[in-house]
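coords.cif (mmCIF, C-alpha atoms) appears below.
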data_entry
loop_
_atom_site.group_PDB
_atom_site.id
_atom_site.type_symbol
_atom_site.label_atom_id
_atom_site.label_comp_id
_atom_site.auth_asym_id
_atom_site.auth_seq_id
_atom_site.Cartn_x
_atom_site.Cartn_y
_atom_site.Cartn_z
ATOM 1 C CA MET M 1 0.000 0.000 0.000
ATOM 2 C CA TYR M 2 2.826 2.378 0.863
ATOM 3 C CA HIS M 3 4.397 2.089 -2.594
ATOM 4 C CA ALA M 4 1.054 2.760 -4.273
ATOM 5 C CA ILE M 5 0.723 5.951 -2.214
ATOM 6 C CA VAL M 6 4.287 6.976 -3.116
ATOM 7 C CA PHE M 7 3.481 6.360 -6.797
ATOM 8 C CA ILE M 8 0.356 8.529 -6.605
ATOM 9 C CA HIS M 9 2.347 11.177 -4.708
ATOM 10 C CA VAL M 10 5.096 11.314 -7.341
ATOM 11 C CA LEU M 11 2.592 11.289 -10.200
ATOM 12 C CA SER M 12 0.691 14.149 -8.559
ATOM 13 C CA ALA M 13 3.917 16.135 -8.190
ATOM 14 C CA ILE M 14 4.635 15.627 -11.884
ATOM 15 C CA VAL M 15 1.138 16.831 -12.815
ATOM 16 C CA ALA M 16 1.124 19.802 -10.405
ATOM 17 C CA VAL M 17 4.617 21.158 -10.984
ATOM 18 C CA GLY M 18 4.611 20.168 -14.649
ATOM 19 C CA SER M 19 1.364 22.040 -15.218
ATOM 20 C CA ASN M 20 2.785 25.100 -13.491
ATOM 21 C CA ALA M 21 5.889 24.912 -15.676
ATOM 22 C CA THR M 22 3.728 25.288 -18.792
ATOM 23 C CA TYR M 23 2.264 28.610 -17.640
ATOM 24 C CA ALA M 24 5.330 30.545 -18.778
ATOM 25 C CA VAL M 25 4.905 29.076 -22.261
ATOM 26 C CA TRP M 26 1.192 29.948 -22.312
ATOM 27 C CA PHE M 27 1.961 33.519 -21.208
ATOM 28 C CA ALA M 28 4.771 33.906 -23.734
ATOM 29 C CA ARG M 29 2.599 32.652 -26.585
ATOM 30 C CA GLY M 30 -0.264 34.898 -25.530
ATOM 31 C CA SER M 31 2.033 37.909 -25.293
ATOM 32 C CA LEU M 32 3.475 37.261 -28.752
ATOM 33 C CA GLU M 33 0.040 36.836 -30.280
ATOM 34 C CA ARG M 34 -2.082 39.307 -28.348
ATOM 35 C CA ASP M 35 -5.245 38.197 -30.140
ATOM 36 C CA HIS M 36 -4.787 34.892 -28.332
ATOM 37 C CA LEU M 37 -3.854 36.295 -24.910
ATOM 38 C CA LEU M 38 -7.340 35.834 -23.479
ATOM 39 C CA PHE M 39 -7.404 32.242 -24.699
ATOM 40 C CA ALA M 40 -3.997 31.666 -23.063
ATOM 41 C CA LEU M 41 -5.108 33.131 -19.724
ATOM 42 C CA ARG M 42 -8.310 31.085 -19.761
ATOM 43 C CA GLY M 43 -6.260 28.004 -20.618
ATOM 44 C CA ILE M 44 -3.999 28.605 -17.633
ATOM 45 C CA LYS M 45 -7.006 29.097 -15.380
ATOM 46 C CA PHE M 46 -8.522 25.844 -16.641
ATOM 47 C CA ILE M 47 -5.287 23.889 -16.109
ATOM 48 C CA ASP M 48 -4.812 25.477 -12.680
ATOM 49 C CA ASP M 49 -8.362 24.677 -11.553
ATOM 50 C CA ARG M 50 -8.703 21.211 -13.101
ATOM 51 C CA LEU M 51 -5.183 19.742 -12.993
ATOM 52 C CA ALA M 52 -2.580 21.590 -10.943
ATOM 53 C CA ASN M 53 -4.574 22.535 -7.845
ATOM 54 C CA PRO M 54 -6.310 19.135 -7.489
ATOM 55 C CA ALA M 55 -2.881 17.497 -7.884
ATOM 56 C CA TYR M 56 -1.521 19.718 -5.089
ATOM 57 C CA GLY M 57 -4.437 18.533 -2.945
ATOM 58 C CA VAL M 58 -3.593 14.894 -3.680
ATOM 59 C CA LEU M 59 0.035 15.679 -2.792
ATOM 60 C CA LEU M 60 -1.043 16.877 0.633
ATOM 61 C CA ILE M 61 -3.183 13.808 1.286
ATOM 62 C CA THR M 62 -0.617 11.297 0.036
ATOM 63 C CA GLY M 63 2.213 13.103 1.835
ATOM 64 C CA ILE M 64 0.344 12.885 5.135
ATOM 65 C CA ALA M 65 -0.449 9.225 4.432
ATOM 66 C CA GLN M 66 3.218 8.451 3.773
ATOM 67 C CA VAL M 67 4.341 9.953 7.072
ATOM 68 C CA ILE M 68 1.644 8.081 8.997
ATOM 69 C CA ILE M 69 2.159 4.710 7.285
ATOM 70 C CA SER M 70 5.955 4.900 7.445
ATOM 71 C CA GLY M 71 5.971 5.817 11.133
ATOM 72 C CA ARG M 72 8.293 8.757 10.417
ATOM 73 C CA SER M 73 8.391 11.595 12.854
ATOM 74 C CA TRP M 74 6.762 14.828 11.750
ATOM 75 C CA HIS M 75 9.705 16.567 13.443
ATOM 76 C CA GLN M 76 12.304 15.883 10.788
ATOM 77 C CA ALA M 77 13.656 19.099 9.336
ATOM 78 C CA TRP M 78 12.903 18.188 5.716
ATOM 79 C CA ILE M 79 9.275 17.354 6.551
ATOM 80 C CA GLU M 80 8.777 20.470 8.662
ATOM 81 C CA TRP M 81 10.273 22.686 5.940
ATOM 82 C CA ALA M 82 8.248 21.005 3.201
ATOM 83 C CA VAL M 83 5.011 21.462 5.163
ATOM 84 C CA ALA M 84 5.837 25.105 5.926
ATOM 85 C CA LEU M 85 6.661 25.833 2.276
ATOM 86 C CA TYR M 86 3.506 24.000 1.147
ATOM 87 C CA ILE M 87 1.378 26.190 3.436
ATOM 88 C CA ILE M 88 3.057 29.349 2.108
ATOM 89 C CA LEU M 89 2.599 28.120 -1.474
ATOM 90 C CA ALA M 90 -1.090 27.340 -0.928
ATOM 91 C CA LEU M 91 -1.814 30.660 0.777
ATOM 92 C CA LEU M 92 0.002 32.646 -1.910
ATOM 93 C CA ALA M 93 -1.702 30.712 -4.701
ATOM 94 C CA PHE M 94 -5.236 31.005 -3.363
ATOM 95 C CA ALA M 95 -4.989 34.470 -1.805
ATOM 96 C CA VAL M 96 -2.971 36.228 -4.524
ATOM 97 C CA TYR M 97 -2.291 34.285 -7.733
ATOM 98 C CA THR M 98 -5.791 32.974 -8.442
ATOM 99 C CA PRO M 99 -7.561 36.288 -7.740
ATOM 100 C CA VAL M 100 -5.058 38.205 -9.908
ATOM 101 C CA LEU M 101 -5.488 35.705 -12.742
ATOM 102 C CA LYS M 102 -9.294 36.002 -12.512
ATOM 103 C CA GLN M 103 -9.011 39.787 -12.498
ATOM 104 C CA GLN M 104 -6.722 39.746 -15.520
ATOM 105 C CA ILE M 105 -9.170 37.606 -17.468
ATOM 106 C CA ARG M 106 -12.011 39.966 -16.566
ATOM 107 C CA VAL M 107 -10.039 43.155 -17.337
ATOM 108 C CA LEU M 108 -8.661 41.750 -20.589
ATOM 109 C CA SER M 109 -12.183 40.817 -21.681
ATOM 110 C CA GLN M 110 -13.419 44.350 -21.013
ATOM 111 C CA GLY M 111 -10.480 46.701 -21.486
ATOM 112 C CA GLY M 112 -7.807 44.953 -23.497
ATOM 113 C CA PRO M 113 -4.112 44.258 -22.911
ATOM 114 C CA ASP M 114 -3.131 47.929 -22.605
ATOM 115 C CA ASP M 115 -5.457 48.572 -19.667
ATOM 116 C CA PRO M 116 -3.348 49.822 -16.705
ATOM 117 C CA THR M 117 -5.128 47.398 -14.354
ATOM 118 C CA PHE M 118 -4.243 44.510 -16.640
ATOM 119 C CA LEU M 119 -0.599 45.598 -16.872
ATOM 120 C CA SER M 120 -0.338 46.013 -13.104
ATOM 121 C CA GLY M 121 -1.866 42.580 -12.621
ATOM 122 C CA GLU M 122 0.555 41.102 -15.135
ATOM 123 C CA ARG M 123 3.558 42.298 -13.139
ATOM 124 C CA LYS M 124 2.049 40.966 -9.927
ATOM 125 C CA ARG M 125 1.040 37.636 -11.498
ATOM 126 C CA THR M 126 4.492 37.171 -12.974
ATOM 127 C CA ALA M 127 6.277 37.890 -9.696
ATOM 128 C CA VAL M 128 3.957 35.672 -7.662
ATOM 129 C CA GLY M 129 4.061 32.945 -10.328
ATOM 130 C CA ILE M 130 7.860 32.860 -10.171
ATOM 131 C CA ALA M 131 7.755 32.737 -6.367
ATOM 132 C CA LEU M 132 5.236 29.875 -6.457
ATOM 133 C CA PHE M 133 7.334 27.896 -8.910
ATOM 134 C CA VAL M 134 10.475 28.384 -6.784
ATOM 135 C CA LEU M 135 8.546 27.234 -3.700
ATOM 136 C CA ALA M 136 7.309 24.147 -5.556
ATOM 137 C CA LEU M 137 10.834 23.308 -6.706
ATOM 138 C CA ALA M 138 12.153 23.772 -3.160
ATOM 139 C CA ILE M 139 9.537 21.319 -1.870
ATOM 140 C CA VAL M 140 10.484 18.802 -4.580
ATOM 141 C CA ALA M 141 14.142 19.194 -3.610
ATOM 142 C CA LEU M 142 13.299 18.568 0.051
ATOM 143 C CA MET M 143 11.356 15.432 -0.899
ATOM 144 C CA VAL M 144 14.196 14.095 -3.039
ATOM 145 C CA PHE M 145 17.227 14.991 -0.935
ATOM 146 C CA ARG M 146 15.650 14.812 2.546
ATOM 147 C CA PRO M 147 18.345 16.861 4.249
ATOM 148 C CA GLY M 148 18.926 15.825 7.820
ATOM 149 C CA GLY M 149 17.268 12.424 7.690
ATOM 150 C CA PHE M 150 15.496 9.675 5.854
#

Could you rewrite the structure in this file as structure tokens?
Amino acid sequence: MYHAIVFIHVLSAIVAVGSNATYAVWFARGSLERDHLLFALRGIKFIDDRLANPAYGVLLITGIAQVIISGRSWHQAWIEWAVALYIILALLAFAVYTPVLKQQIRVLSQGGPDDPTFLSGERKRTAVGIALFVLALAIVALMVFRPGGF
């Protein structure tokens, strides 16, 4: 059972982080072909809502299950750091990234890509998106290298 949970955990990480990695490509394509920018933003929102975020939820559940089934202590540095970074990632994603993305879709639909609100949101979304991706990569690194214990 443990190995099945690990498999689901790894697969979910691939889906979540892999989906997030595609966002830069979607944004770049939409920026190069501004007629398709709204389609790109809606595509990102769809992937975020239907693939990435559910996969992050599965990661949480399977991560908790692994710790419980394995009998590991929650007080290993790599687990504590991963949980702390996951909480920061989730809060930043749901409190900042998702609302900014929704706002950008709405503003782009009504005002176009030169709207000051859209441009301001783009800078914020880009900065937060980079931070989220770095957090996700840091969590993956903690899971792989497990500094301070196994």

message: Residues near Ile69 in chain M, anyone? I mean within 12 Å using all atoms listed in the file, not counting same-chain ones fewer than 4 positions away, as a PyMOL selection string.
response: chain M and resi 1-6+62-65+73-74

- prompt: Given the choices M:Lys102, M:Arg146, M:Arg50, M:Arg123, which gets closest to Val15 in chain M if the distance is worked out from all atoms listed in the file?
  reply: M:Arg50

Reference answer for the PyMOL selection byres ((chain M and resi 140) around 12), as a PyMOL selection string: chain M and resi 9-10+12-14+16-18+59+63+78-79+81-83+85-86+133-139+141-147

- prompt: Can you list what the PyMOL selection byres ((chain M and resi 113) around 12) grabs from this structure, as a PyMOL selection string?
  reply: chain M and resi 30-38+41+104-112+114-122

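The space between CA of Val96 in chain M and CA of Gly43 in chain M spans 18.4 Å.
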